[in-house]
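Asks: The structure is given below, and queries will be raised subsequently.
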Amino acid sequence: MSYTLYGSPGTASMCVHWMLVELGVPFEFISLDFSKNATKDPAYLKINPGGHVPALVIDGQAYAETAALLMLLAERHSERGFAPSIGAPDRALYLQWMIILANTLMPAFRLFYYADEGAGPENADATKAQAVLRINKVFDRVDALLADGRPYLLGDKLRAVDFLLGMLARWSRNLPRTALDWPHFKAYVERTRAMPSYRETHNREGLQGWI
């Protein structure tokens, strides 16, 4: 079994990097330079035709899409319990939240950070405002779910969805309201940031702040 992760510090590859560190499996991390448009290089496009990160090469075969990679790793290392088994009580919520984070929250963050893409530069401010509303709405739901004091999003067990949510919480650091502005979400963020694997990933990627 061999893994090679293509990514860039602090981007959508971070949660996959973090899970690999938490799993304790051998892997290589190849950092792509966004300033040099490395994701559009023909050599990389052969690995990931989508031209974005992450891409994970597993035994010579490349796969992409952040949430899919987390779910794939969870299944390949089922002994760690990062994915509820089929038929488990929290299986449906696990799948639901993976999709909410991937299909609702991640695109909203992209709209905020790349507002010109949404409706042109002349509408960037309005685009960012709408993105913030979408993000806050999901954060409201997350905070409500965590209000019972559970340590992780779905309960007592660390799941693949927590790696994705932990990364997205970090992405909120430049928003008008960060994940730390919701009381129950704040406690969750503080727990995940204290994980040795999170700190190791943070150090490996040379990230600053939000730790």
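Ligands are numbered from 1 in the order shown, residues from 1 within each chain, and chains are lettered A, B, ... in the order they appear in the structure tokens.
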Where in chain A does DSSP assign strand (DSSP E or B), given as a ChimeraX atom specification?
Replies: /A:3-7,28-31,55-58,61-64,152,155
Asks: Pick from A:Ser8, A:Ser13, A:Ser2, A:Thr178: nearest to Asp59 (chain A), with only C-alpha atoms counted?
Replies: A:Ser2
Asks: Neighbouring residues of region 113-120 of chain A were defined as those with any atom within 12 Å, considering only C-alpha atoms; residues of the same chain fewer than 5 positions away were excluded. Please report them as a list in words.
Replies: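 Final neighbour list, sorted by chain and number: Thr11, Met106, Pro107, Ala108, Asp125, Ala126, Thr127, Lys128, Ala129, Gln130, Ala131, Val132, Trp171, Ser172, Arg173, Asn174 and Leu175 of chain A.
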Asks: Using only C-alpha atoms, which of the listed residues (A:Phe82, A:Tyr6, A:Glu190, A:Arg199) sits closest to Leu45 (chain A)?
Replies: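 Smallest separation from Leu45 (chain A) among the options: A:Tyr6.
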Asks: Taking the DSSP secondary structure from the backbone, can you list the residues of region 28-185 of chain A that are helix (DSSP H, G or I), as a PyMOL selection string?
Replies: chain A and resi 34-36+38-40+42-47+66-76+78-80+91-113+115-119+121-148+160-174+179-181+183-185
Asks: Hey, which of A:Leu154, A:Ala67, A:Leu23, A:Ala38 ends up closest to Leu93 (chain A)? Count only C-alpha atoms.
Replies: A:Leu154
Asks: Need to verify the contact set: Leu145 (chain A), 12 Å, only C-alpha atoms, exclusion of same-chain residues closer than 3 positions in sequence. Can you return it as a PDB file with N, CA and C atoms, in the first residue's frame?
Replies:
ATOM      1  N   LEU A  93     -26.548  10.089   8.963  1.00  0.00           N
ATOM      2  CA  LEU A  93     -26.095  11.432   9.309  1.00  0.00           C
ATOM      3  C   LEU A  93     -24.666  11.677   8.827  1.00  0.00           C
ATOM      4  N   TRP A  97     -23.862  14.735   6.356  1.00  0.00           N
ATOM      5  CA  TRP A  97     -22.975  15.842   6.691  1.00  0.00           C
ATOM      6  C   TRP A  97     -21.750  15.912   5.787  1.00  0.00           C
ATOM      7  N   VAL A 138     -24.901  27.257   7.843  1.00  0.00           N
ATOM      8  CA  VAL A 138     -24.394  25.913   8.153  1.00  0.00           C
ATOM      9  C   VAL A 138     -23.748  25.897   9.536  1.00  0.00           C
ATOM     10  N   PHE A 139     -23.015  26.949   9.861  1.00  0.00           N
ATOM     11  CA  PHE A 139     -22.394  27.012  11.183  1.00  0.00           C
ATOM     12  C   PHE A 139     -23.446  27.034  12.289  1.00  0.00           C
ATOM     13  N   ASP A 140     -24.593  27.654  12.030  1.00  0.00           N
ATOM     14  CA  ASP A 140     -25.697  27.608  13.002  1.00  0.00           C
ATOM     15  C   ASP A 140     -26.126  26.165  13.254  1.00  0.00           C
ATOM     16  N   ARG A 141     -26.234  25.392  12.188  1.00  0.00           N
ATOM     17  CA  ARG A 141     -26.646  23.993  12.314  1.00  0.00           C
ATOM     18  C   ARG A 141     -25.587  23.169  13.052  1.00  0.00           C
ATOM     19  N   VAL A 142     -24.327  23.434  12.749  1.00  0.00           N
ATOM     20  CA  VAL A 142     -23.243  22.720  13.421  1.00  0.00           C
ATOM     21  C   VAL A 142     -23.268  23.028  14.913  1.00  0.00           C
ATOM     22  N   ASP A 148     -25.168  19.604  22.712  1.00  0.00           N
ATOM     23  CA  ASP A 148     -25.312  18.600  23.777  1.00  0.00           C
ATOM     24  C   ASP A 148     -23.971  18.202  24.388  1.00  0.00           C
ATOM     25  N   GLY A 149     -22.886  18.840  23.928  1.00  0.00           N
ATOM     26  CA  GLY A 149     -21.576  18.588  24.518  1.00  0.00           C
ATOM     27  C   GLY A 149     -20.805  17.448  23.897  1.00  0.00           C
ATOM     28  N   ARG A 150     -21.319  16.880  22.833  1.00  0.00           N
ATOM     29  CA  ARG A 150     -20.617  15.779  22.156  1.00  0.00           C
ATOM     30  C   ARG A 150     -19.223  16.245  21.730  1.00  0.00           C
ATOM     31  N   PRO A 151     -18.225  15.377  21.780  1.00  0.00           N
ATOM     32  CA  PRO A 151     -16.869  15.800  21.405  1.00  0.00           C
ATOM     33  C   PRO A 151     -16.668  15.943  19.898  1.00  0.00           C
ATOM     34  N   TYR A 152     -17.425  15.183  19.108  1.00  0.00           N
ATOM     35  CA  TYR A 152     -17.274  15.225  17.658  1.00  0.00           C
ATOM     36  C   TYR A 152     -18.621  15.485  17.007  1.00  0.00           C
ATOM     37  N   LEU A 153     -18.629  15.787  15.738  1.00  0.00           N
ATOM     38  CA  LEU A 153     -19.844  16.229  15.073  1.00  0.00           C
ATOM     39  C   LEU A 153     -20.985  15.225  15.198  1.00  0.00           C
ATOM     40  N   LEU A 154     -20.664  13.941  15.081  1.00  0.00           N
ATOM     41  CA  LEU A 154     -21.718  12.929  15.091  1.00  0.00           C
ATOM     42  C   LEU A 154     -21.843  12.196  16.424  1.00  0.00           C
ATOM     43  N   GLY A 155     -21.057  12.597  17.413  1.00  0.00           N
ATOM     44  CA  GLY A 155     -21.168  11.935  18.705  1.00  0.00           C
ATOM     45  C   GLY A 155     -19.837  11.737  19.388  1.00  0.00           C
ATOM     46  N   TRP A 182     -19.239  30.908  17.567  1.00  0.00           N
ATOM     47  CA  TRP A 182     -20.354  30.073  17.986  1.00  0.00           C
ATOM     48  C   TRP A 182     -19.877  29.276  19.203  1.00  0.00           C
ATOM     49  N   PRO A 183     -20.528  29.354  20.335  1.00  0.00           N
ATOM     50  CA  PRO A 183     -19.976  28.793  21.581  1.00  0.00           C
ATOM     51  C   PRO A 183     -19.684  27.301  21.544  1.00  0.00           C
ATOM     52  N   HIS A 184     -20.594  26.508  21.019  1.00  0.00           N
ATOM     53  CA  HIS A 184     -20.377  25.059  21.001  1.00  0.00           C
ATOM     54  C   HIS A 184     -19.392  24.664  19.907  1.00  0.00           C
ATOM     55  N   PHE A 185     -19.458  25.373  18.807  1.00  0.00           N
ATOM     56  CA  PHE A 185     -18.506  25.147  17.720  1.00  0.00           C
ATOM     57  C   PHE A 185     -17.102  25.516  18.196  1.00  0.00           C
ATOM     58  N   TYR A 188     -15.589  22.723  20.095  1.00  0.00           N
ATOM     59  CA  TYR A 188     -15.233  21.664  19.153  1.00  0.00           C
ATOM     60  C   TYR A 188     -13.907  22.000  18.456  1.00  0.00           C
TER      61      TYR A 188
END
Asks: Given the choices A:Phe109, A:Tyr63, A:Tyr94, A:Trp210, which gets closest to Asp162 (chain A) if the distance is worked out from only C-alpha atoms?
Replies: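 For Asp162 (chain A), the nearest of the given residues is A:Tyr94.
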Asks: For Thr39 (chain A), find every residue with an atom within 8 Å (counting only C-alpha atoms), except residues of its own chain fewer than 5 positions away, and show them as a PyMOL selection string.
Replies: chain A and resi 32-34+44-45+51-53
Asks: My list of candidates is A:Arg134, A:Arg91, A:Arg110, A:Arg204. Which is closest to Ser31 (chain A) when distances are computed with only C-alpha atoms?
Replies: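 Ranked by minimum distance to Ser31 (chain A), first place goes to A:Arg204.
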Asks: For Arg177 (chain A), which residue out of A:Ile135, A:Ala144, A:Ile211, A:Ala55 is the nearest one, using only C-alpha atoms?
Replies: A:Ile135
